[in-house]
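Below: one structure, written as structure tokens.
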Amino acid sequence: MHFLKRYLPIAGLLVIVIGVQLLASATDTAYYLTQLTMAAYYSLLIIGLCVLMGYTGQISLGHAGFFAIGGYLSASLTTYDFSAHSNTAILQFMDKAGMLMQRQSLYGEALLNVHPWPACIIAIAVAVIIAFVLGIPVLKLRGHYLAMATLGFGIIIYRIGLAAEFFGEADGISEVPPFNLLPGLSVNGDFAARVQNYYIAWGLLLFGLALLLNLIHSRVGRALRSIHGSEAAAEAIGVNTARFKLYTFVISAAFAAVAGSFLTHYNGGIGPSEASVMKSVRYVAIVAVGGMANLWGALLMGIVLNFMSLRGMFGTYDDAVFGVILILIMLFAPQGILSVKIKHFFATKKESPELGTID
Amino acid sequence: MLELKAVHKYFGGLHAVNEVSFKVETGAIKAVIGPNGAGKTTIFNLIAGVLEPSSGSIAFKGLETKGAKPHRIASLGMSRTFQNIKLFHGMSALENVMLGRHIRSRAGFLAGMFNLPHTWKEEKSIRDKSMELLELLEIERYADVEATSLAFGQQRAVEMARALATEPDLLLLDEPAAGLNIYETAEVGRLIGRIRDMGITVLLVEHDMSLVMDISDEIVVLSFGEKIAEDKPEAIQRNPEVIRIYLGEDEEAAA
């Protein structure tokens with residue numbers, strides 16, 4: 001019974017997703033699907049961050065960094081010409097394992113690249129390893145040390161992207177090849193593949209959402225909520241709080257890396273702005289708007305706000321808008337915008353504030 | 001079950017616990033009493049691993065616990081309640097107790113994310129066992145009520161159920177009668193007796209003299225961080241030093 005309760009809303013969302021596609025195609029407004037596809041990938045990162053922030057009470061200001069690791073590694077491994085290194089042991093091994101592919105550059109030169117599948121897996125693995133290395137010492141401490149550490153990490157990744165020739169410096173990486181997931185199913189930005197890619201992105205997002213909903217309703221999810229409630233009490237019943245926070249951080253980093261990898265193949269490239277700290281702040285702001293421990297709220301706000309931003313509705317004030325949103329939410333609706341009750345705006349009598357936990 | 005040997009704890013210049021040694025025998029109910037600031041809760045936190053002793057040793061089931069994290073000690077079979085109740089907000093009474101089953105269940109991150117079938121049975125047994133404990137404490141009708149919105153006495157009961165859900169060998173109760181009226185206190189006394197009958201060793205810190213004298217097998221008296229007496233309740237009641245420094249102002253009540 002309770003499985004039905006959990007999966008029915010996902011099925012409902014799927015119906016809406018299909019409806020939007022049919023409507024857009026029927027009304028000749030299929031260009032909206034491009035931004036909805038991109039917004040879905042960003043939202044994949046955001047629901048991962050939501051579990052970290054809402055259920056363990058930790059803040060990461062480095063998720064754009066994990067996104068960039070996913071994107072940049074996928075992009076560089078699938079575009080950098082490895083033919084000069086083809087005699088090295090590691091490339092010979094990868095060749096034997098079928099992890100390399102030959103293709104031609106725009107100018108007809110033969111290129112030796114890593115296939116997108118292993119590139120994507122390497123990218124996720126690197127993000128996971130870095131998250132572990134970053135998280136092991138930091139998450140043993142109480143308080144918001146993770147925010148500080150990830151802020152530093154995010155700046156480093158941004159600077160590496162800007163400075164490293166391998167990552168295209170300020171220009172970033174372009175000409176990223178399509179990601180053939182399965183025969184006939186490919187992540188790329190061709191107009192012909194727009195509808196297909198819309199469904200790939202949303203399929204991935206809904207799958208990720210189902211995983212996280214399962215997680216928070218499991219034994220582990222209960223333990224995560226207990227950490228947020230009272231770390232001392234969680235420890236007293238045997239919850240290894242440091243380990244649970246660490247694993248959640250690693251999972252959210254993996255979600256960000258997957259999103260970065262797929263979106264980079266979809267866009268055909270990635271630039272250093274994807275790694276900037278302002279992007280990380282934006283993700284934190286969106287989770288806060290959605291209501292920290294509210295996956296559905298985070299998902300909704302991830303779609304709406306990213307869609308608006310990608311449509312250019314915030315103009316050149318894009319980053320400023322997200323900064324303002326963060327401030328307003330913290331001041332007026334720290335439980336998220338969905339917690340604001342419309343009737344409060346019309347209430348004539350001042351209601352007594354909600355009482356605390358002790359009667 | 002538990003043995004403290006020459007335990008010291010300093011907070012900066014403050015000598016909060018001074019050379020305290022005592023044993024808790026398996027199956028016993030032992031109480032630690034003392035005036036405010038005597039170091040009772042500090043001793044509890046040292047035993048539970050929240051604080052580390054400055055010197056001396058604490059052995060639980062023969063194992064030295066120095067340096068072990070609280071969750072590690074909990075998983076060895078020690079459970080506790082808190083003086084200022086620490087229930088998890090935003091969760092029902094039942095869910096709070098279900099959390100007590102954490103160390104008695106296994107499902108991890110991947111099993112949870114993929115909702116693997118073998119976890120379903122485990123979830124059901126967690127739920128059933130937790131419900132049994134709510135029934136034992138006669139609060140099963142509040143199972144689905146948010147735990148932190150319950151009345152004080154019921155919150156204590158939920159916390160006790162949560163501690164019992166870990167199936168401890170040693171249960172630490174930090175002032176289980178604080179804030180309760182005399183009827184509720186008597187109820188707690190009977191409950192602690194039943195917990196001992198389940199084979200669980202109990203160590204409690206308590207202010208309420210009547211409760212301690214009624215149920216304890218042995219009592220340790222602390223004053224300013226030092227152990228000044230350790231004996232059976234009747235002997236403690238007659239101990240002149242205890243009466244002087246701890247019960248002095250309230251002699252009749254204790255006698």
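Labels used: A, B, ... for chains in the order of the structure tokens, numbers from 1 for residues in each chain, and numbers from 1 for ligands as shown.
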
Proximity check chain A to chain B, 10 Å, nearest pairs one decimal Å, only C-alpha atoms, as a Markdown table:
| residue | atom | partner | partner_atom | distance |
| --- | --- | --- | --- | --- |
| A:Phe3 | CA | B:Asn115 | CA | 9.7 |
| A:Gly208 | CA | B:Met113 | CA | 9.2 |
| A:Leu209 | CA | B:Met113 | CA | 9.8 |
| A:Ala210 | CA | B:Met113 | CA | 7.9 |
| A:Leu211 | CA | B:Met113 | CA | 4.6 |
| A:Leu212 | CA | B:Met113 | CA | 6.1 |
| A:Leu213 | CA | B:Met113 | CA | 7.6 |
| A:Asn214 | CA | B:Met113 | CA | 5.0 |
| A:Leu215 | CA | B:Met113 | CA | 4.4 |
| A:Ile216 | CA | B:Gly112 | CA | 7.9 |
| A:His217 | CA | B:Gly112 | CA | 7.8 |
| A:Ser218 | CA | B:Gly112 | CA | 5.3 |
| A:Arg219 | CA | B:Ala107 | CA | 6.4 |
| A:Val220 | CA | B:Gly108 | CA | 6.2 |
| A:Gly221 | CA | B:Gly112 | CA | 8.0 |
| A:Arg222 | CA | B:Leu99 | CA | 6.7 |
| A:Ala223 | CA | B:Leu99 | CA | 6.7 |
| A:Arg225 | CA | B:Phe88 | CA | 7.9 |
| A:Ser226 | CA | B:Phe88 | CA | 5.8 |
| A:Ile227 | CA | B:Phe88 | CA | 8.6 |
| A:His228 | CA | B:Phe88 | CA | 8.3 |
| A:Gly229 | CA | B:Phe88 | CA | 4.9 |
| A:Ser230 | CA | B:Phe88 | CA | 6.4 |
| A:Glu231 | CA | B:Phe88 | CA | 9.5 |
| A:Ala232 | CA | B:Val50 | CA | 8.1 |
| A:Ala233 | CA | B:Lys86 | CA | 6.1 |
| A:Ala234 | CA | B:His71 | CA | 7.9 |
| A:Glu235 | CA | B:His71 | CA | 4.6 |
| A:Ala236 | CA | B:His71 | CA | 5.8 |
| A:Ile237 | CA | B:Gly100 | CA | 5.8 |
| A:Gly238 | CA | B:His71 | CA | 3.8 |
| A:Val239 | CA | B:His71 | CA | 5.5 |
| A:Asn240 | CA | B:His71 | CA | 5.6 |
| A:Thr241 | CA | B:His71 | CA | 8.0 |
| A:Phe244 | CA | B:Phe109 | CA | 8.9 |
| A:Tyr247 | CA | B:Phe109 | CA | 7.9 |
| A:Thr248 | CA | B:Phe109 | CA | 8.6 |
| A:Ile251 | CA | B:Phe109 | CA | 9.2 |
| A:Leu355 | CA | B:Ser149 | CA | 9.9 |
| A:Gly356 | CA | B:Ser149 | CA | 8.9 |
| A:Thr357 | CA | B:Thr148 | CA | 5.5 |
| A:Ile358 | CA | B:Thr148 | CA | 7.3 |
| A:Asp359 | CA | B:Ala151 | CA | 7.0 |

Check: Got a sec: who's within 7 Å of Lys232 (chain B), counting only C-alpha atoms, leaving out chain neighbours fewer than 6 positions off, as a PyMOL selection string?
Finding: chain B and resi 217-219

Dump of N, CA and C atoms for the selected residues, as a PDB file, in the first residue's frame:
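Wrote part_9.pdb, looks like this:
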ATOM      1  N   ASP B 217      19.245  -1.534  44.089  1.00  0.00           N
ATOM      2  CA  ASP B 217      19.959  -2.535  44.856  1.00  0.00           C
ATOM      3  C   ASP B 217      21.129  -1.886  45.586  1.00  0.00           C
ATOM      4  N   GLU B 218      21.747  -0.930  44.890  1.00  0.00           N
ATOM      5  CA  GLU B 218      22.887  -0.233  45.479  1.00  0.00           C
ATOM      6  C   GLU B 218      22.882   1.219  45.030  1.00  0.00           C
ATOM      7  N   ILE B 219      23.470   2.080  45.869  1.00  0.00           N
ATOM      8  CA  ILE B 219      23.479   3.505  45.566  1.00  0.00           C
ATOM      9  C   ILE B 219      24.905   4.044  45.696  1.00  0.00           C
TER      10      ILE B 219
END

Residues of region 61-150 of chain B in strand (DSSP E or B), written as a JSON list (two decimals) with N, CA and C atoms, in the first residue's frame:
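For reference, selection.json as written:
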[["chain", "number", "residue", "atom", "x", "y", "z"],
["B", 63, "LEU", "N", 35.29, -4.61, 28.16],
["B", 63, "LEU", "CA", 36.00, -3.90, 27.09],
["B", 63, "LEU", "C", 36.24, -2.45, 27.50],
["B", 64, "GLU", "N", 37.45, -2.00, 27.33],
["B", 64, "GLU", "CA", 37.77, -0.60, 27.61],
["B", 64, "GLU", "C", 37.08, 0.28, 26.56],
["B", 78, "MET", "N", 24.67, -0.80, 25.05],
["B", 78, "MET", "CA", 24.37, 0.18, 26.09],
["B", 78, "MET", "C", 23.42, 1.21, 25.50],
["B", 79, "SER", "N", 22.36, 1.49, 26.23],
["B", 79, "SER", "CA", 21.39, 2.44, 25.71],
["B", 79, "SER", "C", 21.09, 3.46, 26.80],
["B", 80, "ARG", "N", 20.55, 4.61, 26.44],
["B", 80, "ARG", "CA", 20.35, 5.64, 27.46],
["B", 80, "ARG", "C", 19.14, 6.50, 27.15],
["B", 92, "SER", "N", 6.82, 10.50, 14.21],
["B", 92, "SER", "CA", 5.81, 9.98, 15.12],
["B", 92, "SER", "C", 6.49, 9.22, 16.26],
["B", 146, "GLU", "N", 2.83, 12.87, 16.49],
["B", 146, "GLU", "CA", 4.18, 13.41, 16.49],
["B", 146, "GLU", "C", 4.73, 13.40, 17.92]]

Next item on the list: Determine the nearest neighbour of Gln237 (chain B) from the options B:Asp214, B:Glu52, B:Glu132, B:Glu184, counting only C-alpha atoms.
Entry: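 Once distances to Gln237 (chain B) are computed over only C-alpha atoms, the minimum belongs to B:Asp214.
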
Margin query: Which residues are near Leu181 (chain A)? Cut-off 10 Å, only C-alpha atoms, ignore same chain within fewer than 4 positions. Put them as a list in words.
Written below: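 Near neighbours after the sequence-gap exclusion: Pro116, Trp117, Leu185, Ser186, Val187 and Ile200 of chain A.
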
Margin query: One decimal, in Å: what's the spacing between CA of Met330 (chain A) and CA of Gly290 (chain A)?
Written below: 11.8 Å

Next item on the list: Rank nothing, just name the residue among A:Ala64, A:Ile46, A:Met38, A:Leu246 nearest to Ile129 (chain A), using only C-alpha atoms.
Entry: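 Smallest separation from Ile129 (chain A) among the options: A:Leu246.
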
Next item on the list: Just the residues within 12 Å of region 99-113 of chain A, please, counting only C-alpha atoms, with nothing from its chain fewer than 2 positions along; format it as a ChimeraX atom specification.
Entry: /A:74-86,90-97,115-122,174-178

Check: Hey, which of B:Pro240, B:Pro35, B:Gly225, B:Pro117 ends up closest to Asp208 (chain B)? Count only C-alpha atoms.
Finding: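 Comparing B:Pro240, B:Pro35, B:Gly225, B:Pro117 against Asp208 (chain B), the winner is B:Pro35.
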